[in-house]
Amino acid sequence: MIKTSNLTLRYKSSETPILRNVNLSVAAGEMVLVCGPTGSGKSTLLKCLNSLAPAFTGGTLTGSVSIDGQITSGTAPHEIAHLVGYVNQQPEGGFVSETVEDELVFGMEQLGVTPTDMANNLARVAEIFDLAAVLDRRLSELSGGQQQKVAIAAAVAAGQKVLLLDEPTSALSPSTAAELLSLLKKLSTDEGITVILVEHRIERVLELVDSVVMVHGDGSVTQGDKTTQFSDSRCAPPLIELSQKLGWTPVATDVSEARNHWRESNPKFHPRVALTPNPEIALSVRELDVNYGLESAVSGATFDLPFGSISALMGQNGAGKTSLVSAIRDPKLISSGTVILGERSTTDLSLQELLRAVTMVPQKASDLLFLNSVGKELQESDNFGGLAAGSTARLLTRLNGRLDPNQHPRDLSAGQKLSLVLAMQLANGARVLLLDEPTRGLDYFAKRQLAEQLKSLQASGACILVASHDVEFIAQIADRVLLVDQGKLIQDCAPEDLLGFEKPFETQIAQVSESPDLISISQVVEL
């Protein structure tokens with residue numbers, strides 16, 4: 001179905017090709033995972049397959065791409081839209097209509113599908129994606145999982161044979177992600193659609209894929225079996241990392257396989273050491289309500305966060321996590337209730353005082369990037385914090401490696417943008433740090449670096465609140481988990497009480513060991 005021959009893409013500003021001599025072969029109905037370090041060129045590879053690169057990205061493309069026997073390299077993207085569906089990293093940003101039905105038929109209208117076929121296709125995708133009940137709903141009213149479904153359904157509504165997805169589960173809760181990935185597998189097996197997806201949370205998808213394409217970051221790309229493609233520790237998911245740590249051969253790629261290995265070898269592990277609570281409270285939330293019109297997003301939230309702690313805010317999509325975190329930082333969002341920093345309400349603080357006391361990294365990190373080069377953003381961060389020149393740059397290098405200071409921030413990958421914003425916000429030195437989905441777009445190495453940085457800040461006395469769906473990351477860092485559901489705080493517990501026991505939040509190592517006391521691979525004693 002898809003074949004590339006010596007595919008090479010080079011930008012004028014780059015010393016080396018972003019992709020070099022890529023040779024791939026993907027069969028019809030295959031489900032393929034594309035992975036690699038943050039900023040390695042994964043999204044660029046997808047854009048080469050649907051001709052967005054170089055048509056919209058610029059650069060020089062050599063070699064060839066063929067889809068379903070047709071040479072497609074060098075053609076305009078709209079000329080192969082009937083063959084290839086594409087969903088980018090933020091599908092809601094690609095919507096062109098107001099309602100679900102209008103979005104699903106828009107692509108078919110552009111391709112000249114007849115009214116009869118359009119009606120039949122609409123009914124078919126509405127049934128496959130379970131969207132019949134929401135066809136007349138506004139897209140803005142849907143949950144993140146529903147929006148992702150609509151974007152994918154719209155991408156294949158006209159009968160496209162290839163579906164390209166960029167980070168489809170990055171903003172989804174574990175249960176919503178599992179539902180979506182199961183649906184994608186069904187598309188490949190039952191509908192014969194070739195599915196190629198870029199994903200950083202590899203643990204979610206590894207069991208389902210037929211092969212793995214690794215984009216290494218030096219221009220080279222390899223394709224192979226999922227048991228052989230993860231020699232790079234930056235990209236090794238939990239089961240592979242556990243296999244490597246305990247010397248299992250072959251490495252385990254699904255939970256049942258790993259569980260059998262575990263039972264046979266019976267490894268030892270250290271219990272997690274609970275944090276002694278700090279009596280000094282950094283942040284108090286009291287009876288906090290956040291309403292959007294008549295809709296309640298947060299209701300009656302009450303909790304204290306001490307200095308020297310890392311707390312996780314978890315829950316399903318639409319539970320109210322982002323609204324709660326945002327209201328802590330922005331008093332204008334509070335409908336009723338109080339947020340107290342030290343002894344003062346946030347409503348009594350000036351904007352400058354609030355910025356100095358509380359720093360936040362939002363889900364869309366690019367919202368905080370406004371200058372025209374990475375270097376200028378780093379310099380502005382140093383100036384704002386009164387730091388020595390190069391302080392923010394050094395922090396960025398620890399998180400993600402060096403970035404070209406002349407590059408425009410908007411040209412960075414999603415993970416690189418996040419790393420840049422994280423470095424800028426961490427350098428601010430505020431004692432209260434709020435993070436909303438901070439691992440979106442980050443590889444495992446970058447996550448470990450971020451975890452170390454947060455632990456270091458915690459040791460220095462910072463108060464950190466992380467809203468996240470990433471259970472594996474939360475298991476590494478959190479002392480406490482706050483679980484929200486439909487805007488209400490329903491559980492306040494130790495991480496192992498949620499991540500080691502309760503579906504769908506249990507980590508993969510908890511599933512493998514069948515022990516609620518083991519939630520992170522760092523607890524396992526190496527053989």
# chains A, B, ... in the order shown; residues from 1 in each chain; ligands from 1
>>> select_by_dssp(residues="segment 314-350 of chain A", states="strand (DSSP E or B)", output="MDAnalysis selection string")
chainID A and resid 314 336:341 344:345
>>> write_last_selection(atoms="all heavy atoms", output="PDB file, in the first residue's frame")
ATOM      1  N   MET A 314      -5.668  13.992  38.540  1.00  0.00           N
ATOM      2  CA  MET A 314      -6.002  13.013  37.512  1.00  0.00           C
ATOM      3  C   MET A 314      -7.515  12.892  37.357  1.00  0.00           C
ATOM      4  O   MET A 314      -8.279  13.321  38.221  1.00  0.00           O
ATOM      5  CB  MET A 314      -5.381  11.652  37.845  1.00  0.00           C
ATOM      6  CG  MET A 314      -3.877  11.689  38.024  1.00  0.00           C
ATOM      7  SD  MET A 314      -3.106  10.058  38.130  1.00  0.00           S
ATOM      8  CE  MET A 314      -3.197   9.546  36.399  1.00  0.00           C
ATOM      9  N   SER A 336     -16.821  31.111  42.432  1.00  0.00           N
ATOM     10  CA  SER A 336     -16.950  31.311  43.872  1.00  0.00           C
ATOM     11  C   SER A 336     -15.876  30.480  44.558  1.00  0.00           C
ATOM     12  O   SER A 336     -15.287  29.581  43.965  1.00  0.00           O
ATOM     13  CB  SER A 336     -18.339  30.918  44.376  1.00  0.00           C
ATOM     14  OG  SER A 336     -18.573  29.532  44.165  1.00  0.00           O
ATOM     15  N   GLY A 337     -15.633  30.775  45.842  1.00  0.00           N
ATOM     16  CA  GLY A 337     -14.566  30.089  46.551  1.00  0.00           C
ATOM     17  C   GLY A 337     -13.294  30.923  46.556  1.00  0.00           C
ATOM     18  O   GLY A 337     -13.262  32.058  46.053  1.00  0.00           O
ATOM     19  N   THR A 338     -12.232  30.335  47.116  1.00  0.00           N
ATOM     20  CA  THR A 338     -10.997  31.091  47.335  1.00  0.00           C
ATOM     21  C   THR A 338      -9.773  30.234  47.055  1.00  0.00           C
ATOM     22  O   THR A 338      -9.768  29.038  47.338  1.00  0.00           O
ATOM     23  CB  THR A 338     -10.908  31.577  48.805  1.00  0.00           C
ATOM     24  OG1 THR A 338     -12.121  32.217  49.155  1.00  0.00           O
ATOM     25  CG2 THR A 338      -9.746  32.538  48.993  1.00  0.00           C
ATOM     26  N   VAL A 339      -8.737  30.867  46.478  1.00  0.00           N
ATOM     27  CA  VAL A 339      -7.404  30.273  46.375  1.00  0.00           C
ATOM     28  C   VAL A 339      -6.467  31.150  47.193  1.00  0.00           C
ATOM     29  O   VAL A 339      -6.388  32.361  46.962  1.00  0.00           O
ATOM     30  CB  VAL A 339      -6.924  30.190  44.913  1.00  0.00           C
ATOM     31  CG1 VAL A 339      -5.488  29.668  44.862  1.00  0.00           C
ATOM     32  CG2 VAL A 339      -7.842  29.302  44.098  1.00  0.00           C
ATOM     33  N   ILE A 340      -5.784  30.539  48.163  1.00  0.00           N
ATOM     34  CA  ILE A 340      -4.932  31.296  49.077  1.00  0.00           C
ATOM     35  C   ILE A 340      -3.483  30.878  48.877  1.00  0.00           C
ATOM     36  O   ILE A 340      -3.149  29.694  48.922  1.00  0.00           O
ATOM     37  CB  ILE A 340      -5.339  31.057  50.540  1.00  0.00           C
ATOM     38  CG1 ILE A 340      -6.794  31.469  50.752  1.00  0.00           C
ATOM     39  CG2 ILE A 340      -4.421  31.826  51.490  1.00  0.00           C
ATOM     40  CD1 ILE A 340      -7.360  31.052  52.090  1.00  0.00           C
ATOM     41  N   LEU A 341      -2.625  31.861  48.630  1.00  0.00           N
ATOM     42  CA  LEU A 341      -1.183  31.651  48.533  1.00  0.00           C
ATOM     43  C   LEU A 341      -0.553  32.224  49.790  1.00  0.00           C
ATOM     44  O   LEU A 341      -0.615  33.444  50.023  1.00  0.00           O
ATOM     45  CB  LEU A 341      -0.614  32.351  47.305  1.00  0.00           C
ATOM     46  CG  LEU A 341      -0.888  31.719  45.940  1.00  0.00           C
ATOM     47  CD1 LEU A 341      -0.482  32.671  44.833  1.00  0.00           C
ATOM     48  CD2 LEU A 341      -0.131  30.409  45.805  1.00  0.00           C
ATOM     49  N   ARG A 344      -2.535  35.117  51.650  1.00  0.00           N
ATOM     50  CA  ARG A 344      -3.277  36.086  50.850  1.00  0.00           C
ATOM     51  C   ARG A 344      -4.078  35.394  49.759  1.00  0.00           C
ATOM     52  O   ARG A 344      -3.613  34.446  49.106  1.00  0.00           O
ATOM     53  CB  ARG A 344      -2.317  37.097  50.224  1.00  0.00           C
ATOM     54  CG  ARG A 344      -1.535  37.915  51.226  1.00  0.00           C
ATOM     55  CD  ARG A 344      -0.538  38.820  50.523  1.00  0.00           C
ATOM     56  NE  ARG A 344      -1.197  39.844  49.706  1.00  0.00           N
ATOM     57  CZ  ARG A 344      -0.555  40.662  48.868  1.00  0.00           C
ATOM     58  NH1 ARG A 344       0.762  40.554  48.739  1.00  0.00           N
ATOM     59  NH2 ARG A 344      -1.206  41.565  48.178  1.00  0.00           N
ATOM     60  N   SER A 345      -5.272  35.861  49.516  1.00  0.00           N
ATOM     61  CA  SER A 345      -6.089  35.365  48.423  1.00  0.00           C
ATOM     62  C   SER A 345      -5.505  35.838  47.100  1.00  0.00           C
ATOM     63  O   SER A 345      -4.966  36.957  47.006  1.00  0.00           O
ATOM     64  CB  SER A 345      -7.527  35.881  48.569  1.00  0.00           C
ATOM     65  OG  SER A 345      -8.255  35.648  47.385  1.00  0.00           O
TER      66      SER A 345
END
>>> residues_around(residues="segment 176-193 of chain A", least_positions_apart="5", cutoff="6 Å", atoms="only C-alpha atoms", output="VMD selection string")
chain A and resid 29 161 to 162 169
>>> write_last_selection(atoms="N, CA, C and O atoms", output="mmCIF file, in the first residue's frame")
data_model
loop_
_atom_site.group_PDB
_atom_site.id
_atom_site.type_symbol
_atom_site.label_atom_id
_atom_site.label_comp_id
_atom_site.auth_asym_id
_atom_site.auth_seq_id
_atom_site.Cartn_x
_atom_site.Cartn_y
_atom_site.Cartn_z
ATOM 1 N N GLY A 29 -3.875 -2.667 5.140
ATOM 2 C CA GLY A 29 -4.487 -3.148 6.365
ATOM 3 C C GLY A 29 -3.527 -3.302 7.520
ATOM 4 O O GLY A 29 -3.899 -3.802 8.589
ATOM 5 N N LYS A 161 -7.902 4.940 1.852
ATOM 6 C CA LYS A 161 -7.301 3.643 2.144
ATOM 7 C C LYS A 161 -6.169 3.731 3.169
ATOM 8 O O LYS A 161 -5.732 2.718 3.702
ATOM 9 N N VAL A 162 -5.674 4.958 3.398
ATOM 10 C CA VAL A 162 -4.553 5.174 4.319
ATOM 11 C C VAL A 162 -4.951 6.243 5.329
ATOM 12 O O VAL A 162 -5.519 7.278 4.957
ATOM 13 N N THR A 169 -3.339 9.961 20.921
ATOM 14 C CA THR A 169 -3.805 9.756 22.300
ATOM 15 C C THR A 169 -3.149 10.697 23.295
ATOM 16 O O THR A 169 -3.346 10.544 24.496
#
>>> closest_residue(among="A:Phe95, A:Phe445, A:Phe505, A:Phe307", to="Leu275 of chain A", atoms="only C-alpha atoms")
A:Phe307
>>> residues_around(residues="Glu295 of chain A", least_positions_apart="5", cutoff="12 Å", atoms="only C-alpha atoms", output="ChimeraX atom specification")
/A:141,289-290,318,320,335,486-487
>>> write_last_selection(atoms="N, CA and C atoms", output="CSV table (one decimal), in the first residue's frame")
chain,number,residue,atom,x,y,z
A,141,GLU,N,-18.7,21.5,21.9
A,141,GLU,CA,-19.3,20.9,23.0
A,141,GLU,C,-18.8,19.5,23.3
A,289,ASP,N,-15.4,27.0,42.9
A,289,ASP,CA,-16.3,26.7,41.8
A,289,ASP,C,-15.9,27.4,40.5
A,290,VAL,N,-15.9,26.7,39.4
A,290,VAL,CA,-15.6,27.3,38.1
A,290,VAL,C,-16.8,27.0,37.2
A,318,GLY,N,-12.5,15.8,30.4
A,318,GLY,CA,-13.7,16.6,30.7
A,318,GLY,C,-14.0,16.6,32.2
A,320,GLY,N,-12.5,18.2,34.6
A,320,GLY,CA,-12.4,19.5,35.2
A,320,GLY,C,-10.9,19.9,35.6
A,335,SER,N,-15.6,31.3,39.9
A,335,SER,CA,-17.0,31.7,40.1
A,335,SER,C,-17.3,32.0,41.6
A,486,GLN,N,-16.2,14.7,37.0
A,486,GLN,CA,-17.3,15.7,36.8
A,486,GLN,C,-17.2,16.9,37.6
A,487,GLY,N,-16.0,17.4,37.8
A,487,GLY,CA,-15.7,18.7,38.5
A,487,GLY,C,-15.6,18.6,40.0
>>> atom_distance(atom1="atom CA of Val113 of chain A", atom2="atom CA of Ser51 of chain A")
21.9 Å
>>> closest_residue(among="A:Leu450, A:Val96, A:Leu242, A:Val525", to="Asp254 of chain A", atoms="only C-alpha atoms")
A:Leu242
>>> select_by_dssp(residues="segment 224-265 of chain A", states="alpha helix (DSSP H)", output="VMD selection string")
chain A and resid 238 to 246 255 to 265
>>> write_last_selection(atoms="C-alpha atoms", output="short mmCIF file (atom, residue, chain, number, x, y, z; two decimals), in the first residue's frame")
data_model
loop_
_atom_site.label_atom_id
_atom_site.label_comp_id
_atom_site.auth_asym_id
_atom_site.auth_seq_id
_atom_site.Cartn_x
_atom_site.Cartn_y
_atom_site.Cartn_z
CA PRO A 238 7.92 0.40 30.16
CA LEU A 239 7.66 -3.27 29.17
CA ILE A 240 10.77 -3.07 26.98
CA GLU A 241 12.64 -1.15 29.70
CA LEU A 242 11.62 -3.79 32.27
CA SER A 243 12.74 -6.59 29.93
CA GLN A 244 16.11 -4.94 29.44
CA LYS A 245 16.54 -4.29 33.16
CA LEU A 246 15.81 -7.92 34.09
CA VAL A 255 1.41 -7.47 29.60
CA SER A 256 0.55 -11.18 29.61
CA GLU A 257 3.97 -12.03 28.15
CA ALA A 258 5.71 -9.87 30.75
CA ARG A 259 3.59 -11.34 33.54
CA ASN A 260 4.76 -14.85 32.63
CA HIS A 261 8.40 -13.67 32.72
CA TRP A 262 7.76 -11.99 36.08
CA ARG A 263 6.26 -15.10 37.66
CA GLU A 264 9.17 -17.22 36.47
CA SER A 265 11.95 -14.86 37.66
#
>>> residues_around(residues="Pro54 of chain A", least_positions_apart="2", cutoff="10 Å", atoms="only C-alpha atoms", output="PyMOL selection string")
chain A and resi 9-11+44+47-48+50-52+56-61+73-74+76-77
>>> residues_around(residues="Ala123 of chain A", least_positions_apart="6", cutoff="12 Å", atoms="only C-alpha atoms", output="list in words")
Glu101, Leu104, Val105, Thr116, Asp117, Phe129, Asp130, Leu131, Ala132, Ala133, Leu135, Ala153, Ala157 and Ala158 of chain A
>>> write_last_selection(atoms="N, CA, C and O atoms", output="short mmCIF file (atom, residue, chain, number, x, y, z; two decimals), in the first residue's frame")
data_model
loop_
_atom_site.label_atom_id
_atom_site.label_comp_id
_atom_site.auth_asym_id
_atom_site.auth_seq_id
_atom_site.Cartn_x
_atom_site.Cartn_y
_atom_site.Cartn_z
N GLU A 101 -21.85 16.65 11.98
CA GLU A 101 -22.26 16.20 10.64
C GLU A 101 -21.61 17.03 9.55
O GLU A 101 -21.12 16.49 8.55
N LEU A 104 -18.03 15.98 9.09
CA LEU A 104 -17.87 14.66 8.46
C LEU A 104 -18.11 14.72 6.95
O LEU A 104 -17.48 13.97 6.19
N VAL A 105 -18.99 15.60 6.51
CA VAL A 105 -19.30 15.64 5.07
C VAL A 105 -18.44 16.65 4.32
O VAL A 105 -18.38 16.61 3.08
N THR A 116 -25.84 10.63 -2.82
CA THR A 116 -26.21 9.30 -2.35
C THR A 116 -25.06 8.63 -1.63
O THR A 116 -25.22 8.08 -0.53
N ASP A 117 -23.87 8.66 -2.25
CA ASP A 117 -22.70 8.05 -1.62
C ASP A 117 -22.33 8.79 -0.33
O ASP A 117 -21.87 8.18 0.64
N PHE A 129 -17.82 4.78 14.31
CA PHE A 129 -17.22 5.63 15.34
C PHE A 129 -18.20 6.00 16.46
O PHE A 129 -17.85 6.81 17.33
N ASP A 130 -19.40 5.43 16.42
CA ASP A 130 -20.40 5.67 17.46
C ASP A 130 -20.69 7.16 17.61
O ASP A 130 -20.66 7.72 18.71
N LEU A 131 -20.99 7.80 16.48
CA LEU A 131 -21.23 9.24 16.47
C LEU A 131 -22.67 9.61 16.10
O LEU A 131 -23.00 10.80 16.05
N ALA A 132 -23.52 8.61 15.88
CA ALA A 132 -24.88 8.89 15.41
C ALA A 132 -25.64 9.81 16.37
O ALA A 132 -26.41 10.68 15.94
N ALA A 133 -25.40 9.64 17.66
CA ALA A 133 -26.15 10.41 18.65
C ALA A 133 -25.68 11.86 18.77
O ALA A 133 -26.36 12.68 19.39
N LEU A 135 -24.44 13.75 15.95
CA LEU A 135 -24.25 14.35 14.62
C LEU A 135 -24.66 15.82 14.59
O LEU A 135 -24.06 16.62 13.85
N ALA A 153 -12.86 10.11 11.85
CA ALA A 153 -13.97 9.74 10.99
C ALA A 153 -14.02 10.62 9.74
O ALA A 153 -14.24 10.13 8.62
N ALA A 157 -13.88 9.33 5.81
CA ALA A 157 -15.30 9.27 5.44
C ALA A 157 -15.52 9.00 3.95
O ALA A 157 -16.51 8.39 3.57
N ALA A 158 -14.58 9.45 3.11
CA ALA A 158 -14.75 9.27 1.67
C ALA A 158 -14.14 7.97 1.18
O ALA A 158 -13.99 7.77 -0.03
#
>>> residues_around(residues="Ile80 of chain A", least_positions_apart="5", cutoff="10 Å", atoms="only C-alpha atoms", output="list in words")
Leu49, Asn50, Ser51, Ile67, Gln70, Thr72, Ser73, Thr75, Gly85 and Gln160 of chain A
